[in-house]
>>> print(open('work-v7.cif').read())   # mmCIF, C-alpha atoms
data_start
loop_
_atom_site.group_PDB
_atom_site.id
_atom_site.type_symbol
_atom_site.label_atom_id
_atom_site.label_comp_id
_atom_site.auth_asym_id
_atom_site.auth_seq_id
_atom_site.Cartn_x
_atom_site.Cartn_y
_atom_site.Cartn_z
ATOM 1 C CA MET A 30 -69.350 69.625 -29.411
ATOM 2 C CA ASP A 31 -72.821 70.794 -28.295
ATOM 3 C CA GLY A 32 -74.119 70.422 -31.859
ATOM 4 C CA ASP A 33 -72.587 66.934 -32.133
ATOM 5 C CA LEU A 34 -74.263 65.903 -28.887
ATOM 6 C CA ARG A 35 -77.637 67.247 -29.987
ATOM 7 C CA LEU A 36 -77.408 65.576 -33.386
ATOM 8 C CA SER A 37 -76.178 62.255 -32.001
ATOM 9 C CA SER A 38 -78.840 62.167 -29.298
ATOM 10 C CA THR A 39 -81.786 62.829 -31.613
ATOM 11 C CA THR A 40 -81.145 61.079 -34.922
ATOM 12 C CA GLY A 41 -80.858 57.564 -36.205
ATOM 13 C CA PRO A 42 -81.605 54.176 -34.662
ATOM 14 C CA ALA A 43 -80.996 53.852 -30.909
ATOM 15 C CA GLU A 44 -77.979 51.533 -31.245
ATOM 16 C CA ILE A 45 -76.252 53.913 -33.650
ATOM 17 C CA ARG A 46 -77.127 56.912 -31.456
ATOM 18 C CA ARG A 47 -75.683 55.194 -28.382
ATOM 19 C CA SER A 48 -72.504 54.288 -30.263
ATOM 20 C CA GLN A 49 -72.081 57.858 -31.577
ATOM 21 C CA LEU A 50 -72.698 59.348 -28.152
ATOM 22 C CA GLU A 51 -70.258 56.963 -26.495
ATOM 23 C CA ALA A 52 -67.612 57.913 -29.077
ATOM 24 C CA LEU A 53 -67.995 61.580 -28.089
ATOM 25 C CA GLY A 54 -67.104 60.768 -24.472
ATOM 26 C CA LEU A 55 -63.321 60.742 -24.781
ATOM 27 C CA PRO A 56 -63.096 64.024 -26.757
ATOM 28 C CA LEU A 57 -65.485 65.586 -24.241
ATOM 29 C CA GLN A 58 -63.333 64.412 -21.341
ATOM 30 C CA ARG A 59 -60.234 65.914 -22.960
ATOM 31 C CA ILE A 60 -62.010 69.194 -23.686
ATOM 32 C CA LEU A 61 -63.111 69.423 -20.043
ATOM 33 C CA GLN A 62 -59.555 68.718 -18.895
ATOM 34 C CA ALA A 63 -58.102 71.402 -21.187
ATOM 35 C CA ALA A 64 -60.795 74.054 -20.627
ATOM 36 C CA GLY A 65 -60.408 76.996 -18.324
ATOM 37 C CA GLN A 66 -62.781 77.408 -15.397
ATOM 38 C CA GLU A 67 -65.198 79.699 -17.260
ATOM 39 C CA GLN A 68 -65.297 77.509 -20.377
ATOM 40 C CA ARG A 69 -65.737 74.409 -18.235
ATOM 41 C CA ALA A 70 -68.699 75.991 -16.463
ATOM 42 C CA GLU A 71 -70.289 76.790 -19.844
ATOM 43 C CA ILE A 72 -69.740 73.228 -21.071
ATOM 44 C CA LEU A 73 -71.204 71.737 -17.890
ATOM 45 C CA ALA A 74 -74.229 74.044 -18.177
ATOM 46 C CA ALA A 75 -74.725 73.004 -21.809
ATOM 47 C CA LEU A 76 -74.511 69.330 -20.832
ATOM 48 C CA HIS A 77 -77.003 69.884 -18.031
ATOM 49 C CA ALA A 78 -79.454 71.353 -20.580
ATOM 50 C CA GLN A 79 -79.271 68.261 -22.823
ATOM 51 C CA ALA A 80 -81.991 65.610 -22.818
ATOM 52 C CA ASP A 81 -81.422 62.454 -20.760
ATOM 53 C CA THR A 82 -80.114 60.683 -23.866
ATOM 54 C CA VAL A 83 -76.823 62.476 -23.105
ATOM 55 C CA LEU A 84 -76.335 59.807 -20.425
ATOM 56 C CA ASP A 85 -75.303 57.502 -23.276
ATOM 57 C CA CYS A 86 -72.261 59.763 -23.683
ATOM 58 C CA LEU A 87 -71.595 60.691 -20.072
ATOM 59 C CA MET A 88 -71.860 57.318 -18.332
ATOM 60 C CA PRO A 89 -69.215 55.562 -20.493
ATOM 61 C CA MET A 90 -66.997 58.643 -20.127
ATOM 62 C CA LEU A 91 -67.369 58.605 -16.338
ATOM 63 C CA ARG A 92 -66.651 54.862 -16.212
ATOM 64 C CA ARG A 93 -63.469 55.349 -18.254
ATOM 65 C CA SER A 94 -62.426 58.412 -16.236
ATOM 66 C CA ALA A 95 -62.895 56.567 -12.941
ATOM 67 C CA GLN A 96 -60.377 53.966 -14.160
ATOM 68 C CA THR A 97 -57.850 56.245 -15.831
ATOM 69 C CA LEU A 98 -57.786 59.599 -14.015
ATOM 70 C CA PRO A 99 -56.641 60.390 -10.481
ATOM 71 C CA THR A 100 -59.244 61.926 -8.167
ATOM 72 C CA ASP A 101 -57.693 65.423 -8.335
ATOM 73 C CA ALA A 102 -57.694 65.407 -12.153
ATOM 74 C CA ARG A 103 -61.350 64.331 -12.202
ATOM 75 C CA ARG A 104 -62.310 67.106 -9.792
ATOM 76 C CA THR A 105 -60.308 69.753 -11.695
ATOM 77 C CA ALA A 106 -61.990 68.737 -14.980
ATOM 78 C CA GLY A 107 -65.435 69.099 -13.370
ATOM 79 C CA LEU A 108 -66.192 65.415 -13.750
ATOM 80 C CA ASP A 109 -67.356 65.084 -10.142
ATOM 81 C CA ALA A 110 -70.007 67.768 -10.820
ATOM 82 C CA LEU A 111 -70.934 65.930 -14.008
ATOM 83 C CA ALA A 112 -71.258 62.682 -12.035
ATOM 84 C CA ARG A 113 -73.625 64.397 -9.575
ATOM 85 C CA ASP A 114 -75.738 65.705 -12.456
ATOM 86 C CA CYS A 115 -75.891 62.207 -13.957
ATOM 87 C CA ALA A 116 -76.852 60.767 -10.563
ATOM 88 C CA ASN A 117 -79.715 63.266 -10.292
ATOM 89 C CA ARG A 118 -80.954 62.326 -13.767
ATOM 90 C CA LEU A 119 -80.724 58.629 -12.950
ATOM 91 C CA ARG A 120 -82.579 59.084 -9.650
ATOM 92 C CA ALA A 121 -85.403 60.806 -11.516
ATOM 93 C CA ILE A 122 -85.582 58.016 -14.105
ATOM 94 C CA ALA A 123 -85.470 55.272 -11.458
ATOM 95 C CA ALA A 124 -88.174 57.021 -9.424
ATOM 96 C CA ARG A 125 -90.684 57.186 -12.263
ATOM 97 C CA GLN A 126 -93.843 55.339 -11.425
ATOM 98 C CA PRO A 127 -94.445 52.263 -13.556
ATOM 99 C CA ARG A 128 -96.936 52.881 -16.302
ATOM 100 C CA ALA A 129 -100.496 51.807 -15.490
ATOM 101 C CA ALA A 130 -101.440 48.589 -17.283
ATOM 102 C CA ASP A 131 -104.176 50.402 -19.203
ATOM 103 C CA ASP A 132 -102.077 53.446 -20.197
ATOM 104 C CA TRP A 133 -101.098 53.079 -23.844
ATOM 105 C CA SER A 134 -100.229 56.748 -24.394
ATOM 106 C CA ILE A 135 -96.984 57.616 -26.171
ATOM 107 C CA ALA A 136 -95.605 61.148 -26.160
ATOM 108 C CA TRP A 137 -94.494 62.122 -29.657
ATOM 109 C CA THR A 138 -94.513 65.172 -31.902
ATOM 110 C CA GLY A 139 -94.381 64.974 -35.691
ATOM 111 C CA CYS A 140 -93.604 67.437 -38.442
ATOM 112 C CA GLY A 141 -96.924 69.267 -38.122
ATOM 113 C CA CYS A 142 -98.604 67.845 -41.200
ATOM 114 C CA GLU A 143 -102.123 66.400 -41.097
ATOM 115 C CA LEU A 144 -100.815 62.812 -41.105
ATOM 116 C CA CYS A 145 -98.505 63.485 -38.166
ATOM 117 C CA ALA A 146 -101.320 65.267 -36.303
ATOM 118 C CA THR A 147 -103.516 62.173 -36.684
ATOM 119 C CA LEU A 148 -100.657 59.923 -35.588
ATOM 120 C CA GLU A 149 -99.900 62.179 -32.619
ATOM 121 C CA THR A 150 -103.551 62.067 -31.498
ATOM 122 C CA PHE A 151 -103.610 58.268 -31.779
ATOM 123 C CA LEU A 152 -100.327 57.898 -29.916
ATOM 124 C CA GLY A 153 -101.459 60.243 -27.157
ATOM 125 C CA SER A 154 -104.566 58.187 -26.404
ATOM 126 C CA ARG A 155 -104.356 56.194 -23.175
ATOM 127 C CA SER A 156 -106.913 53.620 -24.306
ATOM 128 C CA ARG A 157 -106.732 53.366 -28.074
ATOM 129 C CA ARG A 158 -104.341 50.651 -29.285
ATOM 130 C CA VAL A 159 -105.238 50.304 -32.967
ATOM 131 C CA LEU A 160 -105.653 52.860 -35.730
ATOM 132 C CA GLU A 161 -106.861 51.891 -39.196
ATOM 133 C CA ARG A 162 -106.653 54.578 -41.848
ATOM 134 C CA PRO A 163 -106.999 54.359 -45.622
ATOM 135 C CA LEU A 164 -103.974 56.137 -47.093
ATOM 136 C CA ALA A 165 -102.298 56.441 -50.462
ATOM 137 C CA LYS A 166 -98.763 55.105 -50.824
ATOM 138 C CA ASP A 167 -96.989 58.411 -50.086
ATOM 139 C CA GLY A 168 -99.029 58.925 -46.922
ATOM 140 C CA ARG A 169 -98.324 55.387 -45.722
ATOM 141 C CA ARG A 170 -94.619 55.868 -46.436
ATOM 142 C CA HIS A 171 -94.567 59.128 -44.466
ATOM 143 C CA VAL A 172 -96.185 57.508 -41.417
ATOM 144 C CA HIS A 173 -93.932 54.423 -41.666
ATOM 145 C CA THR A 174 -90.869 56.679 -41.807
ATOM 146 C CA LYS A 175 -91.956 58.684 -38.767
ATOM 147 C CA ILE A 176 -92.645 55.542 -36.730
ATOM 148 C CA ASN A 177 -89.367 53.910 -37.717
ATOM 149 C CA SER A 178 -87.174 56.979 -37.248
ATOM 150 C CA ALA A 179 -88.607 57.639 -33.775
ATOM 151 C CA GLU A 180 -88.465 53.902 -32.983
ATOM 152 C CA LEU A 181 -92.008 54.086 -31.677
ATOM 153 C CA PRO A 182 -93.372 50.895 -30.100
ATOM 154 C CA VAL A 183 -95.963 50.652 -32.856
ATOM 155 C CA HIS A 184 -96.404 47.819 -35.347
ATOM 156 C CA HIS A 185 -97.442 49.042 -38.790
ATOM 157 C CA GLN A 186 -98.742 47.052 -41.705
ATOM 158 C CA THR A 187 -100.704 47.699 -44.855
ATOM 159 C CA ARG A 188 -103.961 45.880 -45.509
ATOM 160 C CA ARG A 189 -104.014 45.553 -49.283
ATOM 161 C CA GLN A 190 -107.764 45.601 -49.822
ATOM 162 C CA GLY A 191 -109.706 48.385 -51.464
ATOM 163 C CA ARG A 192 -108.295 51.660 -52.698
ATOM 164 C CA PRO A 193 -106.465 53.327 -51.143
ATOM 165 C CA TYR A 194 -104.951 50.539 -49.033
ATOM 166 C CA THR A 195 -105.467 50.745 -45.271
ATOM 167 C CA LEU A 196 -102.592 51.438 -42.904
ATOM 168 C CA VAL A 197 -103.075 49.509 -39.645
ATOM 169 C CA LEU A 198 -101.107 50.742 -36.623
ATOM 170 C CA THR A 199 -100.978 48.771 -33.374
ATOM 171 C CA LYS A 200 -99.236 49.880 -30.172
ATOM 172 C CA THR A 201 -97.062 47.070 -28.787
ATOM 173 C CA GLU A 202 -95.999 45.782 -25.361
ATOM 174 C CA GLN A 203 -92.542 47.259 -26.055
ATOM 175 C CA LEU A 204 -93.978 50.458 -24.587
ATOM 176 C CA PHE A 205 -93.999 48.851 -21.137
ATOM 177 C CA ILE A 206 -90.832 46.791 -21.600
ATOM 178 C CA ARG A 207 -88.721 49.804 -22.638
ATOM 179 C CA GLU A 208 -89.790 51.868 -19.649
ATOM 180 C CA GLN A 209 -89.055 49.047 -17.209
ATOM 181 C CA SER A 210 -85.691 48.471 -18.872
ATOM 182 C CA ALA A 211 -84.832 52.194 -18.606
ATOM 183 C CA ARG A 212 -85.660 52.174 -14.867
ATOM 184 C CA SER A 213 -83.576 49.045 -14.285
ATOM 185 C CA GLN A 214 -80.599 50.470 -16.190
ATOM 186 C CA ALA A 215 -80.891 53.758 -14.280
ATOM 187 C CA GLU A 216 -80.836 51.891 -10.960
ATOM 188 C CA ALA A 217 -77.746 49.902 -11.983
ATOM 189 C CA ASP A 218 -75.926 53.010 -13.238
ATOM 190 C CA LEU A 219 -76.857 54.931 -10.094
ATOM 191 C CA THR A 220 -75.483 52.154 -7.883
ATOM 192 C CA TRP A 221 -72.185 52.290 -9.766
ATOM 193 C CA LEU A 222 -72.023 56.122 -9.683
ATOM 194 C CA THR A 223 -72.684 56.164 -5.948
ATOM 195 C CA SER A 224 -69.857 53.742 -5.269
ATOM 196 C CA ALA A 225 -67.308 55.075 -7.806
ATOM 197 C CA TRP A 226 -68.005 58.807 -7.581
ATOM 198 C CA ASN A 227 -69.834 59.264 -4.253
ATOM 199 C CA ALA A 228 -72.521 60.993 -6.331
#
>>> encode(input="work-v7.cif", output="structure tokens")
Amino acid sequence: MDGDLRLSSTTGPAEIRRSQLEALGLPLQRILQAAGQEQRAEILAALHAQADTVLDCLMPMLRRSAQTLPTDARRTAGLDALARDCANRLRAIAARQPRAADDWSIAWTGCGCELCATLETFLGSRSRRVLERPLAKDGRRHVHTKINSAELPVHHQTRRQGRPYTLVLTKTEQLFIREQSARSQAEADLTWLTSAWNA
């Protein structure tokens, strides 16, 4: 289950990831219900160690469990502890300071190649919004693939003048919109958790 969670939370487009993670919720709930105390503690520790994307699995599971399981069954399965952990994650997300209007930095790590190193440097810059780099087709494809697979808020296009063609990367306003959306969703989820789970 841990491997499924890690894979589902790190690969593919966001909508597919969310759908895969949500689908893992019911099996996870049943595993927690069937596990002994020691196994349950190990599972809860493993869940705690996951990145915040695990919320896409845990929140739907907690919503379903709140409707279908009696309070004692939820407590026995460790779901109340899981709800508290989710609440702590959501509080941290909701408390993040809004990004400064002039901060265009994007945290990202590539495969370690020279192209990814250049992209990582560009993305990490607070002030630089545009990168123009002449690249052969394979290099452009590699950068396009990295941007698309990570769903980076970066527009990429190829200027077909000269040889090699020039790859033009532009950071987009989605950087700010996504962060605000994540804070708003965290606040809404936290409000529900507080009322349904006293978390």
>>> resolve_selection(input="work-v7.cif", expression="the PyMOL selection byres ((chain A and resi 85) around 12)", output="VMD selection string")
chain A and resid 34 37 to 39 43 to 54 79 to 84 86 to 92 115 119 211 214 to 215 218
>>> resolve_selection(input="work-v7.cif", expression="the PyMOL selection byres ((chain A and resi 193) around 12)", output="PDB file with C-alpha atoms, in the frame of the given file")
ATOM      1  CA  ARG A 162    -106.653  54.578 -41.848  1.00  0.00           C
ATOM      2  CA  PRO A 163    -106.999  54.359 -45.622  1.00  0.00           C
ATOM      3  CA  LEU A 164    -103.974  56.137 -47.093  1.00  0.00           C
ATOM      4  CA  ALA A 165    -102.298  56.441 -50.462  1.00  0.00           C
ATOM      5  CA  LYS A 166     -98.763  55.105 -50.824  1.00  0.00           C
ATOM      6  CA  ASP A 167     -96.989  58.411 -50.086  1.00  0.00           C
ATOM      7  CA  GLY A 168     -99.029  58.925 -46.922  1.00  0.00           C
ATOM      8  CA  ARG A 169     -98.324  55.387 -45.722  1.00  0.00           C
ATOM      9  CA  THR A 187    -100.704  47.699 -44.855  1.00  0.00           C
ATOM     10  CA  ARG A 188    -103.961  45.880 -45.509  1.00  0.00           C
ATOM     11  CA  ARG A 189    -104.014  45.553 -49.283  1.00  0.00           C
ATOM     12  CA  GLN A 190    -107.764  45.601 -49.822  1.00  0.00           C
ATOM     13  CA  GLY A 191    -109.706  48.385 -51.464  1.00  0.00           C
ATOM     14  CA  ARG A 192    -108.295  51.660 -52.698  1.00  0.00           C
ATOM     15  CA  TYR A 194    -104.951  50.539 -49.033  1.00  0.00           C
ATOM     16  CA  THR A 195    -105.467  50.745 -45.271  1.00  0.00           C
ATOM     17  CA  LEU A 196    -102.592  51.438 -42.904  1.00  0.00           C
TER      18      LEU A 196
END
>>> atom_distance(input="work-v7.cif", atom1="CA of Arg120 in chain A", atom2="CA of Arg93 in chain A")
21.3 Å
>>> atom_distance(input="work-v7.cif", atom1="CA of Ala129 in chain A", atom2="CA of Leu219 in chain A")
24.4 Å
>>> atom_distance(input="work-v7.cif", atom1="CA of Asp114 in chain A", atom2="CA of His77 in chain A")
7.1 Å
>>> closest_residue(input="work-v7.cif", among="A:Ser94, A:Thr220, A:Gln186, A:Gln203", to="Leu55 in chain A", atoms="all atoms listed in the file")
A:Ser94
>>> residues_around(input="work-v7.cif", residues="Ile72 in chain A", least_positions_apart="4", cutoff="12 Å", atoms="only C-alpha atoms", output="list in words")
Met30, Asp31, Gly32, Leu34, Leu57, Gln58, Ile60, Leu61, Gln62, Ala63, Ala64, Gly65, Gln66, Glu67, Gln68, Leu76, His77, Ala78, Gln79, Ala106, Gly107, Leu108, Ala110 and Leu111 of chain A
>>> resolve_selection(input="work-v7.cif", expression="the PyMOL selection byres ((chain A and resi 155) around 12)", output="PDB file with C-alpha atoms, in the coordinates of the input")
ATOM      1  CA  ARG A 128     -96.936  52.881 -16.302  1.00  0.00           C
ATOM      2  CA  ALA A 129    -100.496  51.807 -15.490  1.00  0.00           C
ATOM      3  CA  ALA A 130    -101.440  48.589 -17.283  1.00  0.00           C
ATOM      4  CA  ASP A 131    -104.176  50.402 -19.203  1.00  0.00           C
ATOM      5  CA  ASP A 132    -102.077  53.446 -20.197  1.00  0.00           C
ATOM      6  CA  TRP A 133    -101.098  53.079 -23.844  1.00  0.00           C
ATOM      7  CA  SER A 134    -100.229  56.748 -24.394  1.00  0.00           C
ATOM      8  CA  ILE A 135     -96.984  57.616 -26.171  1.00  0.00           C
ATOM      9  CA  ALA A 136     -95.605  61.148 -26.160  1.00  0.00           C
ATOM     10  CA  THR A 150    -103.551  62.067 -31.498  1.00  0.00           C
ATOM     11  CA  PHE A 151    -103.610  58.268 -31.779  1.00  0.00           C
ATOM     12  CA  LEU A 152    -100.327  57.898 -29.916  1.00  0.00           C
ATOM     13  CA  GLY A 153    -101.459  60.243 -27.157  1.00  0.00           C
ATOM     14  CA  SER A 154    -104.566  58.187 -26.404  1.00  0.00           C
ATOM     15  CA  SER A 156    -106.913  53.620 -24.306  1.00  0.00           C
ATOM     16  CA  ARG A 157    -106.732  53.366 -28.074  1.00  0.00           C
ATOM     17  CA  ARG A 158    -104.341  50.651 -29.285  1.00  0.00           C
ATOM     18  CA  VAL A 159    -105.238  50.304 -32.967  1.00  0.00           C
ATOM     19  CA  LYS A 200     -99.236  49.880 -30.172  1.00  0.00           C
ATOM     20  CA  LEU A 204     -93.978  50.458 -24.587  1.00  0.00           C
TER      21      LEU A 204
END
>>> closest_residue(input="work-v7.cif", among="A:Leu181, A:Ala70, A:Arg59, A:Ala123", to="Glu149 in chain A", atoms="all atoms listed in the file")
A:Leu181
>>> closest_residue(input="work-v7.cif", among="A:His184, A:Arg104, A:Arg207, A:Arg113", to="Glu161 in chain A", atoms="all atoms listed in the file")
A:His184
>>> closest_residue(input="work-v7.cif", among="A:Thr105, A:Ala95, A:Ile206, A:Pro42", to="Arg69 in chain A", atoms="only C-alpha atoms")
A:Thr105
